[in-house]
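S.K.: So I've got this file, model_26.txt, and it contains compact mmCIF, C-alpha atoms and all ligand atoms:
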# COMPACT_ATOMS: atom_id res chain seq x y z
CA MET N 991 162.55 -24.02 85.00
CA ASN N 992 164.46 -21.90 82.56
CA PRO N 993 167.97 -23.12 81.87
CA ARG N 994 170.60 -20.49 82.46
CA PHE N 995 172.91 -19.77 79.61
CA PRO N 996 176.58 -18.96 79.86
CA THR N 997 177.64 -15.52 78.81
CA THR N 998 181.25 -14.94 79.77
CA THR N 999 183.12 -16.82 77.06
CA THR N 1000 180.32 -16.25 74.67
CA THR N 1001 179.46 -13.98 71.85
CA THR N 1002 176.52 -14.36 69.54
CA THR N 1003 177.20 -15.39 65.99
CA THR N 1004 175.95 -12.05 64.73
CA THR N 1005 179.05 -10.54 63.14
CA ASP N 1006 178.62 -7.17 64.88
CA ASP N 1007 178.80 -8.73 68.32
CA ARG N 1008 182.01 -10.61 67.73
CA ALA N 1009 185.29 -9.77 69.33
CA PRO N 1010 187.65 -7.98 66.92
CA GLY N 1011 189.72 -11.09 66.24
CA ASP N 1012 186.69 -13.13 65.31
CA ARG N 1013 185.65 -10.68 62.64
CA ALA N 1014 188.84 -11.52 60.79
CA LEU N 1015 188.10 -15.26 60.84
CA GLY N 1016 188.53 -16.55 57.32
CA ASP N 1017 190.91 -13.76 56.38
CA GLN N 1018 194.37 -13.85 57.84
CA GLY N 1019 193.21 -13.07 61.38
CA THR N 1020 194.81 -10.68 63.81
CA GLY N 1021 197.32 -12.97 65.45
CA ARG N 1022 195.93 -11.76 68.75
CA PRO N 1023 197.18 -14.10 71.47
CA ALA N 1024 194.70 -16.11 73.51
CA PRO N 1025 195.19 -15.42 77.20
CA GLY N 1026 196.16 -18.62 78.96
CA ILE N 1027 197.29 -20.64 75.93
CA ARG N 1028 201.03 -21.38 76.11
CA LYS N 1029 201.90 -22.47 72.59
CA PRO N 1030 202.36 -20.04 69.69
CA LEU N 1031 199.20 -19.27 67.74
CA PRO N 1032 200.32 -17.88 64.39
CA ALA N 1033 197.40 -16.24 62.58
CA ARG N 1034 198.09 -18.39 59.54
CA LEU N 1035 197.39 -21.55 61.56
CA PHE N 1036 194.80 -20.47 64.13
CA ALA N 1037 191.79 -18.22 64.62
CA VAL N 1038 191.54 -17.10 68.24
CA HIS N 1039 188.25 -16.78 70.12
CA GLY N 1040 188.73 -15.51 73.66
CA THR N 1041 190.59 -18.20 75.62
CA ASN N 1042 190.28 -20.66 72.71
CA ALA N 1043 192.02 -21.17 69.38
CA GLU N 1044 190.73 -23.07 66.36
CA THR N 1045 192.75 -24.71 63.62
CA ARG N 1046 192.47 -23.16 60.18
CA TRP N 1047 191.45 -25.92 57.82
CA GLU N 1048 193.76 -24.79 55.02
CA ALA N 1049 196.67 -25.38 57.43
CA LEU N 1050 195.85 -29.12 57.48
CA ARG N 1051 196.52 -29.38 53.76
CA GLY N 1052 199.41 -31.79 53.29
CA GLU N 1053 199.22 -33.25 56.80
CA GLY N 1054 198.70 -36.96 57.35
CA ASP N 1055 196.10 -38.69 59.50
CA LEU N 1056 197.25 -37.02 62.71
CA THR N 1057 197.00 -33.33 63.60
CA PRO N 1058 200.45 -32.12 64.67
CA GLU N 1059 200.52 -30.41 68.04
CA ARG N 1060 201.47 -27.06 66.50
CA LEU N 1061 198.14 -27.11 64.61
CA PHE N 1062 195.93 -28.66 67.28
CA PHE N 1063 192.98 -26.55 68.48
CA VAL N 1064 192.82 -25.52 72.14
CA ARG N 1065 189.62 -25.17 74.12
CA ASN N 1066 190.28 -23.70 77.58
CA HIS N 1067 187.56 -22.58 79.96
CA THR N 1068 190.22 -20.53 81.77
CA SER N 1069 193.95 -20.99 81.25
CA THR N 1070 196.57 -23.68 80.84
CA PRO N 1071 198.17 -24.52 84.21
CA LEU N 1072 201.85 -25.51 84.33
CA ILE N 1073 201.96 -28.66 86.43
CA ASP N 1074 205.04 -30.25 87.97
CA ALA N 1075 204.84 -33.95 87.10
CA ALA N 1076 207.02 -34.95 90.06
CA SER N 1077 204.60 -33.62 92.68
CA TRP N 1078 201.41 -34.26 90.66
CA ARG N 1079 199.01 -36.94 91.92
CA LEU N 1080 195.88 -38.45 90.43
CA THR N 1081 193.53 -39.30 93.30
CA LEU N 1082 190.53 -41.61 93.09
CA TRP N 1083 188.08 -41.31 95.97
CA GLY N 1084 184.41 -41.67 96.89
CA SER N 1085 181.55 -43.94 97.93
CA GLY N 1086 182.17 -46.30 95.02
CA LEU N 1087 185.53 -47.48 96.37
CA ARG N 1088 186.02 -50.31 98.84
CA ARG N 1089 188.64 -48.38 100.80
CA GLY N 1090 189.72 -44.77 101.16
CA PRO N 1091 191.28 -42.57 98.47
CA VAL N 1092 194.04 -44.01 96.27
CA SER N 1093 196.64 -41.81 94.57
CA PHE N 1094 198.83 -42.48 91.54
CA THR N 1095 202.03 -40.62 90.65
CA TYR N 1096 203.18 -39.83 87.13
CA ARG N 1097 205.76 -42.62 87.46
CA ASP N 1098 203.03 -45.04 88.58
CA LEU N 1099 201.14 -44.31 85.37
CA LEU N 1100 204.21 -44.73 83.16
CA ALA N 1101 204.96 -48.07 84.83
CA MET N 1102 201.52 -49.58 84.18
CA PRO N 1103 200.55 -51.47 80.99
CA ALA N 1104 199.78 -48.87 78.32
CA GLU N 1105 197.35 -48.75 75.43
CA GLU N 1106 197.17 -46.53 72.37
CA VAL N 1107 194.28 -45.21 70.34
CA THR N 1108 194.02 -42.87 67.36
CA ALA N 1109 191.02 -40.66 68.03
CA PHE N 1110 189.64 -37.25 67.27
CA VAL N 1111 188.70 -34.83 70.02
CA GLU N 1112 186.05 -32.37 68.94
CA CYS N 1113 184.33 -29.59 70.83
CA ALA N 1114 180.56 -30.08 71.07
CA GLY N 1115 180.32 -26.49 69.80
CA ASN N 1116 182.41 -27.09 66.68
CA GLY N 1117 180.59 -25.48 63.72
CA ARG N 1118 178.56 -23.24 66.02
CA SER N 1119 179.01 -20.07 63.91
CA LEU N 1120 177.25 -21.87 61.05
CA TYR N 1121 173.95 -21.76 62.92
CA GLY N 1122 174.08 -18.02 62.22
CA GLU N 1123 175.92 -18.04 58.93
CA GLN N 1124 173.99 -20.84 57.28
CA GLN N 1125 170.72 -21.18 59.18
CA SER N 1126 170.20 -17.52 60.27
CA GLN N 1127 169.75 -18.65 63.88
CA ASP N 1128 171.11 -16.89 66.96
CA VAL N 1129 173.10 -18.99 69.37
CA THR N 1130 175.53 -18.17 72.18
CA GLY N 1131 178.97 -19.61 72.72
CA THR N 1132 182.43 -19.59 71.16
CA PRO N 1133 181.80 -18.92 67.44
CA TRP N 1134 183.86 -21.80 66.07
CA ARG N 1135 183.80 -22.45 62.38
CA LEU N 1136 184.92 -26.09 61.79
CA GLY N 1137 188.40 -26.05 63.34
CA ALA N 1138 187.59 -27.23 66.88
CA VAL N 1139 188.60 -30.80 66.07
CA GLY N 1140 191.90 -32.66 65.88
CA VAL N 1141 193.12 -36.25 65.64
CA ALA N 1142 196.00 -37.61 67.68
CA ARG N 1143 197.54 -40.91 68.65
CA TRP N 1144 196.99 -41.07 72.40
CA ARG N 1145 198.87 -43.35 74.77
CA GLY N 1146 198.05 -44.00 78.38
CA VAL N 1147 196.56 -46.31 80.96
CA PRO N 1148 193.00 -47.60 80.67
CA LEU N 1149 190.89 -45.86 83.29
CA ALA N 1150 189.46 -49.32 84.02
CA ALA N 1151 192.88 -50.46 85.26
CA LEU N 1152 193.14 -47.52 87.66
CA LEU N 1153 189.60 -48.12 88.92
CA GLY N 1154 190.49 -51.76 89.47
CA ARG N 1155 193.60 -50.88 91.48
CA ALA N 1156 191.64 -48.35 93.50
CA GLY N 1157 189.09 -51.02 94.47
CA MET N 1158 185.95 -49.82 92.70
CA THR N 1159 182.89 -51.72 93.93
CA GLY N 1160 180.08 -53.18 91.86
CA ASP N 1161 177.82 -50.41 93.19
CA ALA N 1162 179.73 -47.60 91.50
CA VAL N 1163 177.63 -45.92 88.80
CA ALA N 1164 179.23 -42.55 88.13
CA LEU N 1165 182.64 -40.90 88.03
CA MET N 1166 183.49 -37.23 88.26
CA PRO N 1167 186.85 -36.50 86.67
CA ARG N 1168 188.05 -32.99 87.52
CA GLY N 1169 190.75 -30.75 86.09
CA LEU N 1170 193.44 -28.78 87.93
CA ASP N 1171 192.92 -25.57 85.93
CA PRO N 1172 191.46 -22.52 87.73
CA ASP N 1173 187.77 -22.26 88.68
CA TYR N 1174 185.50 -21.30 85.81
CA VAL N 1175 183.48 -18.15 86.46
CA ASP N 1176 180.45 -17.79 84.22
CA ALA N 1177 178.64 -14.43 84.27
CA GLY N 1178 179.89 -13.75 87.79
CA GLU N 1179 179.00 -17.20 89.08
CA ASN N 1180 181.83 -19.48 90.16
CA LEU N 1181 181.12 -22.96 88.77
CA GLY N 1182 184.27 -24.41 90.31
CA ARG N 1183 186.81 -26.53 88.49
CA VAL N 1184 185.94 -28.10 85.15
CA ARG N 1185 184.35 -31.47 85.88
CA ARG N 1186 181.75 -33.60 84.22
CA PRO N 1187 180.18 -36.92 85.21
CA LEU N 1188 181.25 -39.93 83.19
CA PRO N 1189 179.17 -43.12 83.33
CA VAL N 1190 181.07 -46.14 84.69
CA THR N 1191 180.01 -48.14 81.62
CA LYS N 1192 181.91 -45.80 79.24
CA ALA N 1193 184.86 -45.59 81.63
CA LEU N 1194 185.21 -49.38 81.65
CA ASP N 1195 184.80 -49.61 77.89
CA ASP N 1196 187.53 -47.55 76.19
CA VAL N 1197 188.56 -44.49 78.22
CA LEU N 1198 192.28 -43.82 78.68
CA VAL N 1199 194.15 -41.66 81.15
CA ALA N 1200 196.58 -40.44 78.50
CA TYR N 1201 200.05 -39.04 79.08
CA GLU N 1202 201.22 -38.99 75.46
CA MET N 1203 199.96 -37.32 72.30
CA ASN N 1204 201.51 -38.25 68.93
CA GLY N 1205 204.41 -40.03 70.61
CA ARG N 1206 205.43 -37.22 72.96
CA PRO N 1207 204.44 -36.24 76.50
CA LEU N 1208 201.18 -34.27 76.45
CA PRO N 1209 201.90 -30.59 75.81
CA PRO N 1210 200.77 -28.20 78.59
CA ASP N 1211 197.85 -26.86 76.53
CA HIS N 1212 196.52 -30.37 75.92
CA GLY N 1213 196.52 -31.56 79.51
CA PHE N 1214 200.03 -32.32 80.81
CA PRO N 1215 200.65 -34.47 82.75
CA ALA N 1216 197.48 -36.50 82.05
CA ARG N 1217 194.06 -36.13 80.46
CA LEU N 1218 191.10 -38.33 79.67
CA VAL N 1219 190.65 -39.74 76.18
CA VAL N 1220 187.00 -40.61 75.59
CA PRO N 1221 186.72 -41.94 72.02
CA GLY N 1222 183.67 -40.74 70.10
CA TRP N 1223 182.47 -38.41 72.86
CA ALA N 1224 182.36 -34.62 72.85
CA GLY N 1225 185.52 -32.81 73.97
CA ILE N 1226 184.06 -31.75 77.32
CA ALA N 1227 184.35 -35.38 78.49
CA TRP N 1228 188.10 -35.33 77.75
CA ILE N 1229 189.14 -33.64 81.01
CA LYS N 1230 192.64 -32.13 80.80
CA TRP N 1231 195.11 -31.70 83.69
CA LEU N 1232 193.29 -34.49 85.48
CA GLY N 1233 193.69 -34.16 89.24
CA ASP N 1234 191.08 -36.38 90.80
CA VAL N 1235 188.18 -38.67 89.98
CA GLU N 1236 185.28 -39.13 92.35
CA VAL N 1237 183.92 -42.68 92.14
CA SER N 1238 180.34 -42.70 93.30
CA ALA N 1239 177.66 -45.24 94.13
CA GLU N 1240 175.09 -42.47 93.45
CA PRO N 1241 174.48 -40.52 90.24
CA LEU N 1242 176.49 -37.28 90.02
CA GLU N 1243 176.02 -33.97 88.29
CA SER N 1244 177.87 -30.74 87.62
CA PRO N 1245 176.99 -27.56 85.67
CA TRP N 1246 178.68 -29.25 82.68
CA SER N 1247 176.05 -31.99 82.76
CA SER N 1248 172.99 -30.29 84.26
CA ARG N 1249 172.85 -27.16 82.09
CA LEU N 1250 175.83 -26.89 79.76
CA TYR N 1251 176.41 -29.46 76.99
CA ARG N 1252 172.71 -30.23 76.60
CA MET N 1253 170.36 -29.23 73.80
CA HIS N 1254 168.07 -26.40 74.98
CA GLY N 1255 165.29 -24.66 73.09
CA PRO N 1256 162.25 -25.42 70.93
CA GLY N 1257 161.86 -29.12 70.26
CA HIS N 1258 163.99 -30.12 73.24
CA PRO N 1259 162.67 -31.22 76.66
CA PRO N 1260 162.27 -28.54 79.35
CA GLY N 1261 165.62 -28.28 81.14
CA GLY N 1262 167.34 -29.57 78.01
CA GLY N 1263 167.95 -32.91 76.35
CA PRO N 1264 170.23 -35.56 77.87
CA PRO N 1265 173.90 -34.67 78.45
CA LEU N 1266 175.67 -34.77 75.07
CA THR N 1267 177.87 -37.80 74.55
CA ARG N 1268 178.66 -39.01 71.01
CA THR N 1269 179.32 -36.41 68.35
CA GLY N 1270 177.69 -36.54 64.90
CA VAL N 1271 179.03 -36.82 61.35
CA LYS N 1272 180.99 -33.86 59.96
CA SER N 1273 183.08 -32.89 56.93
CA ALA N 1274 185.42 -30.06 56.05
CA PHE N 1275 187.44 -28.95 53.05
CA GLU N 1276 191.12 -28.12 53.56
CA LEU N 1277 190.49 -24.70 52.05
CA PRO N 1278 190.52 -21.11 53.30
CA TRP N 1279 187.15 -19.56 54.04
CA PRO N 1280 186.31 -18.27 51.49
CA ALA N 1281 188.53 -20.23 49.12
CA ARG N 1282 189.92 -18.58 46.00
CA LEU N 1283 190.37 -20.85 43.01
CA ARG N 1284 191.27 -20.25 39.37
CA ALA N 1285 188.74 -20.85 36.61
CA GLY N 1286 189.56 -22.79 33.47
CA ARG N 1287 191.38 -25.70 35.11
CA GLY N 1288 190.79 -28.67 37.36
CA HIS N 1289 191.59 -28.59 41.09
CA LEU N 1290 192.24 -31.53 43.35
CA LEU N 1291 190.29 -30.61 46.50
CA HIS N 1292 191.18 -32.20 49.82
CA GLY N 1293 189.02 -32.72 52.86
CA ARG N 1294 188.31 -34.86 55.90
CA SER N 1295 185.21 -36.42 57.46
CA TRP N 1296 184.67 -37.93 60.89
CA SER N 1297 181.93 -39.29 63.14
CA GLY N 1298 181.54 -40.12 66.81
CA ASN N 1299 179.69 -43.28 65.79
CA GLY N 1300 182.68 -44.86 64.03
CA ARG N 1301 184.26 -44.95 60.57
CA VAL N 1302 183.10 -42.73 57.75
CA VAL N 1303 182.40 -44.99 54.79
CA ARG N 1304 181.33 -42.56 52.08
CA VAL N 1305 181.71 -38.88 51.18
CA ASP N 1306 179.92 -37.05 48.36
CA VAL N 1307 180.53 -33.55 47.06
CA SER N 1308 178.15 -31.12 45.36
CA ASP N 1309 178.79 -27.78 43.66
CA ASP N 1310 175.12 -27.09 42.84
CA GLU N 1311 173.57 -26.69 46.31
CA GLY N 1312 173.01 -30.40 46.69
CA VAL N 1313 171.07 -31.06 43.47
CA SER N 1314 173.70 -33.49 42.23
CA TRP N 1315 176.46 -35.33 44.09
CA ARG N 1316 179.64 -37.10 43.08
CA SER N 1317 181.70 -39.41 45.30
CA ALA N 1318 184.98 -38.27 46.77
CA ARG N 1319 187.91 -40.70 46.86
CA LEU N 1320 188.75 -41.88 50.37
CA HIS N 1321 192.37 -42.14 51.62
CA GLY N 1322 194.24 -42.61 54.87
CA ASP N 1323 194.30 -45.18 57.63
CA ARG N 1324 190.59 -44.96 58.48
CA SER N 1325 190.92 -45.92 62.11
CA PRO N 1326 187.51 -46.23 63.77
CA HIS N 1327 187.85 -43.11 65.94
CA GLY N 1328 189.95 -41.01 63.56
CA TRP N 1329 188.91 -39.22 60.40
CA VAL N 1330 189.01 -40.21 56.77
CA ARG N 1331 190.91 -38.04 54.32
CA TRP N 1332 189.41 -37.62 50.86
CA THR N 1333 190.05 -35.92 47.55
CA PHE N 1334 187.72 -34.63 44.88
CA ARG N 1335 188.58 -33.37 41.42
CA TRP N 1336 186.69 -30.18 40.64
CA ALA N 1337 186.69 -27.94 37.60
CA PRO N 1338 184.88 -24.69 38.45
CA PRO N 1339 182.01 -24.16 36.02
CA GLY N 1340 182.90 -20.47 35.56
CA VAL N 1341 184.08 -17.34 37.34
CA GLY N 1342 182.12 -15.91 40.27
CA GLU N 1343 180.95 -17.22 43.61
CA ALA N 1344 180.37 -20.89 44.21
CA ARG N 1345 179.69 -23.12 47.17
CA LEU N 1346 181.14 -26.53 47.78
CA LEU N 1347 179.20 -29.05 49.84
CA ALA N 1348 180.58 -32.27 51.34
CA ARG N 1349 178.33 -34.88 52.90
CA ALA N 1350 179.57 -37.93 54.77
CA VAL N 1351 177.95 -41.21 55.80
CA ASP N 1352 179.32 -43.29 58.67
CA GLU N 1353 179.33 -47.03 59.25
CA THR N 1354 176.07 -46.85 61.22
CA GLY N 1355 174.37 -45.27 58.19
CA ALA N 1356 174.20 -41.83 59.85
CA VAL N 1357 174.41 -39.10 57.23
CA GLN N 1358 174.91 -35.35 57.53
CA PRO N 1359 171.52 -33.62 57.41
CA GLU N 1360 170.48 -30.55 55.39
CA ARG N 1361 169.98 -28.57 58.57
CA ALA N 1362 171.34 -29.01 62.08
CA ALA N 1363 168.87 -29.22 64.99
CA TYR N 1364 168.66 -25.73 66.46
CA ASN N 1365 169.55 -25.34 70.12
CA HIS N 1366 170.24 -22.13 72.04
CA LEU N 1367 173.82 -23.03 72.94
CA GLY N 1368 174.70 -23.99 69.39
CA TYR N 1369 175.95 -27.53 69.98
CA ALA N 1370 176.13 -30.41 67.52
CA PHE N 1371 176.20 -28.54 64.20
CA ASP N 1372 176.33 -31.55 61.90
CA ALA N 1373 174.63 -30.19 58.77
CA VAL N 1374 176.23 -30.21 55.34
CA VAL N 1375 178.39 -27.07 55.25
CA ARG N 1376 178.28 -24.71 52.24
CA HIS N 1377 181.91 -23.73 51.82
CA PRO N 1378 182.18 -20.39 50.00
CA VAL N 1379 184.49 -20.25 46.97
CA VAL N 1380 185.44 -17.31 44.78
CA VAL N 1381 186.44 -18.42 41.30
CA THR N 1382 188.62 -15.95 39.41
N1 LIG N 1401 190.37 -29.30 82.80
C1 LIG N 1401 189.82 -28.99 81.63
N2 LIG N 1401 189.58 -29.96 80.74
C2 LIG N 1401 189.03 -29.67 79.55
C3 LIG N 1401 188.64 -28.35 79.23
C4 LIG N 1401 188.92 -27.32 80.17
O1 LIG N 1401 188.68 -26.13 79.95
N3 LIG N 1401 189.51 -27.68 81.36
N4 LIG N 1401 187.99 -28.12 78.04
C5 LIG N 1401 187.29 -29.28 77.47
C6 LIG N 1401 186.72 -29.04 76.17
S1 LIG N 1401 185.23 -28.20 76.15
C7 LIG N 1401 187.29 -29.54 75.03
S2 LIG N 1401 186.54 -29.36 73.53
C8 LIG N 1401 188.59 -30.26 75.06
C9 LIG N 1401 189.59 -29.64 74.12
O2 LIG N 1401 190.82 -30.31 74.14
P1 LIG N 1401 192.14 -29.61 73.59
O3 LIG N 1401 192.23 -28.23 74.16
O4 LIG N 1401 193.27 -30.49 73.97
O5 LIG N 1401 192.02 -29.54 72.08
O6 LIG N 1401 189.14 -30.29 76.36
C10 LIG N 1401 188.20 -30.50 77.41
N5 LIG N 1401 188.87 -30.69 78.66
MO MO N 1402 184.41 -28.28 74.04
Once you've parsed the file, please lay out its structure as structure tokens.
Ligand SMILES: Nc1nc2c(c(=O)[nH]1)N[C@H]1C(S)=C(S)[C@@H](COP(=O)(O)O)O[C@H]1N2
Ligand SMILES: [Mo]

M.R.:
Amino acid sequence: MNPRFPTTTTTTTTTDDRAPGDRALGDQGTGRPAPGIRKPLPARLFAVHGTNAETRWEALRGEGDLTPERLFFVRNHTSTPLIDAASWRLTLWGSGLRRGPVSFTYRDLLAMPAEEVTAFVECAGNGRSLYGEQQSQDVTGTPWRLGAVGVARWRGVPLAALLGRAGMTGDAVALMPRGLDPDYVDAGENLGRVRRPLPVTKALDDVLVAYEMNGRPLPPDHGFPARLVVPGWAGIAWIKWLGDVEVSAEPLESPWSSRLYRMHGPGHPPGGGPPLTRTGVKSAFELPWPARLRAGRGHLLHGRSWSGNGRVVRVDVSDDEGVSWRSARLHGDRSPHGWVRWTFRWAPPGVGEARLLARAVDETGAVQPERAAYNHLGYAFDAVVRHPVVVT
């Protein structure tokens, strides 16, 4: 059977097909607002794609290990709902519970033992536009460059504790967390509310129902009053505006597991590969795209690398298309689910165009490949990125 591909929020990565605001990506942008995002999106900090906004990497220059909320990317299938915490309930229900549905209020959550984790959330489509730009391959989907990632300190209640209180049985195998944002309509087809199965094993391991981001209540755009935090896993697992979780003794599926967020195309199984979970290794320079740097002097370049598998342990930089590499210096707190900041001293060899490459290795030995594995929906772009630089 042919998988069906989404088309509503999507544009191809061919420049001509992009929405007007996307064409300006890398310049100063249009400042066009994203419908449904509540926070300000100044063009100097964000590039807007439809209902989504990505962080400009040069805006992270000078920031610490956490992405401040005012710079944090937003990925909305529809629009940010404004939810009243006092009447909000999180309801757990389904065949995997001993009794009927169990609901928690916002105050219930705040009163339970809390945990904190520093973790990045990254869209599975982060880097998608590079399939076109760097590999000359056509893909559909939001044409992110590398800014659909951010790191925050999340605080909340372990999902395991809520499942325990709700009386989950040993038979439960799958959960279906679901958001309270409006139904997502894809090419005229209503797919219902954003929801994606989560295996019980991951839920019991390290998933939080978070109500704080960087020490403050979650902002509306990032899931107020509560969202899932699923360390190491693609952003689609991190359901925002969490309203209910089905707990099931049978496997579950939704369009976000059966056809979206899978690898489709040549080299992948018919119907797509398995639902995407962990994200790969990535790196980015804190530079505009393209960057403009002066010749005849040294520059201290800054960047960050991260991996869904755990800590990044090494980063190398090349300015000759990967013929030779030199190590970057690693800084920062290096928490297992965060990113590592690095610096690299570079003296441009002369005026003209150059490309800077950064390649990271994580603690499992996974390294960024030369080319990312093509897939029609443009997920998992983990290849070494050739960052364009104009030396004047
Ligand atoms: N309810 C709901 N949850 C959601 C989404 C959504 O549209 N609705 N988008 C998901 C996707 S695809 C990503 S990448 C992350 C983005 O989180 P952020 O907007 O807080 O950066 O949220 C996830 N959770
Ligand atoms: Mo995403």

S.K.: As a PyMOL selection string, please: every protein or nucleic acid residue near ligand MO 1402 (chain N) (cut-off 6 Å, counting only C-alpha atoms and all ligand atoms).

M.R.: chain N and resi 1113-1114+1225-1226

S.K.: Tell me which of N:Pro1148, N:Pro1221, N:Gly1368, N:Gly1140 sits closest to ligand LIG 1401 (chain N), counting all atoms listed in the file.

M.R.: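 Smallest distance to ligand LIG 1401 (chain N) is found for N:Gly1140.
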
S.K.: Around ligand LIG 1401 (chain N), at most 8 Å away and counting only C-alpha atoms and all ligand atoms, which residues are there? Put them as an MDAnalysis selection string, please.

M.R.: chainID N and resid 1042 1062:1069 1111:1115 1138:1140 1168:1171 1183:1185 1211:1213 1217 1224:1232

S.K.: Select, from N:Gly1222, N:Val1237, N:Arg1186, N:Asp1074, the residue with the minimum atom-to-atom distance to Leu1087 in chain N, counting only C-alpha atoms.

M.R.: N:Val1237

S.K.: Provide the CA of Leu1080 in chain N to CA of Phe1110 in chain N distance in Å, to one decimal place.

M.R.: 24.0 Å

S.K.: Given the choices N:Ala1150, N:Ala1370, N:Ala1076, N:Ile1027, which gets closest to Arg1268 in chain N if the distance is worked out from all atoms listed in the file?

M.R.: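 Result for the nearest residue to Arg1268 in chain N: N:Ala1370.
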
S.K.: So which one's closest to Leu1100 in chain N, N:Ala1177, N:Ala1200, N:Glu1053, N:Val1271? Using all atoms listed in the file, please.

M.R.: N:Ala1200

S.K.: Closest to Gly1298 in chain N among N:Trp1223, N:Gly1233, N:Asp1196, N:Pro1338, using all atoms listed in the file?

M.R.: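 Result for the nearest residue to Gly1298 in chain N: N:Trp1223.
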
S.K.: For Arg1335 in chain N, which residue out of N:Ser1244, N:Ser1308, N:Thr1130, N:Ser1314 is the nearest one, using all atoms listed in the file?

M.R.: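 Result for the nearest residue to Arg1335 in chain N: N:Ser1308.
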
S.K.: Within 6 Å of Glu1353 in chain N, counting all atoms listed in the file, which residues show up once you throw out same-chain ones fewer than 4 positions away? Write them as a PDB file with C-alpha atoms, in the coordinates of the input, please.

M.R.:
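The resulting out_0.pdb:
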ATOM      1  CA  ARG N1301     184.260 -44.950  60.570  1.00  0.00           C
ATOM      2  CA  VAL N1302     183.100 -42.730  57.750  1.00  0.00           C
ATOM      3  CA  VAL N1303     182.400 -44.990  54.790  1.00  0.00           C
TER       4      VAL N1303
END

S.K.: Set the distance at 6 Å and use all atoms listed in the file: which residues neighbour Met1166 in chain N once local chain neighbours fewer than 2 positions away are removed? I'd like the list as a PDB file with C-alpha atoms, in the coordinates of the input.

M.R.:
ATOM      1  CA  ARG N1186     181.750 -33.600  84.220  1.00  0.00           C
ATOM      2  CA  PRO N1187     180.180 -36.920  85.210  1.00  0.00           C
ATOM      3  CA  VAL N1235     188.180 -38.670  89.980  1.00  0.00           C
ATOM      4  CA  GLU N1236     185.280 -39.130  92.350  1.00  0.00           C
TER       5      GLU N1236
END

S.K.: Just how far from CA of Gly1293 in chain N is CA of Glu1276 in chain N, in Å to one decimal?

M.R.: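 That distance, rounded to one decimal, is 5.1 Å.
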
S.K.: One decimal, Å: what's the distance from CA of Glu1343 in chain N over to CA of Val1381 in chain N, could you say?

M.R.: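 Pair CA of Glu1343 in chain N / CA of Val1381 in chain N returns 6.1 Å.
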
S.K.: Residues near range 1055-1061 of chain N, anyone? I mean within 9 Å using all atoms listed in the file, not counting same-chain ones fewer than 2 positions away, as a PyMOL selection string.

M.R.: chain N and resi 1029-1031+1035-1036+1044-1046+1049-1050+1053+1063+1108-1110+1140-1143+1203-1204+1209+1212+1322-1324+1328-1331

S.K.: Would you pick out the contacts of Leu1120 in chain N at 8 Å or less, using only C-alpha atoms, so that residues sharing its chain but fewer than 3 positions from it are not included, and give the list as a ChimeraX atom specification?

M.R.: /N:1117,1123-1125,1135,1371,1375

S.K.: Within 10 Å of Gly1263 in chain N, counting all atoms listed in the file, which residues show up once you throw out same-chain ones fewer than 6 positions away? Write them as a list of chain:residue names, please.

M.R.: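 Residues near the query, excluding close chain neighbours: N:Ser1248, N:Arg1249, N:Tyr1251, N:Arg1252, N:Met1253, N:His1254, N:Gly1255, N:Gly1257, N:Asn1365.
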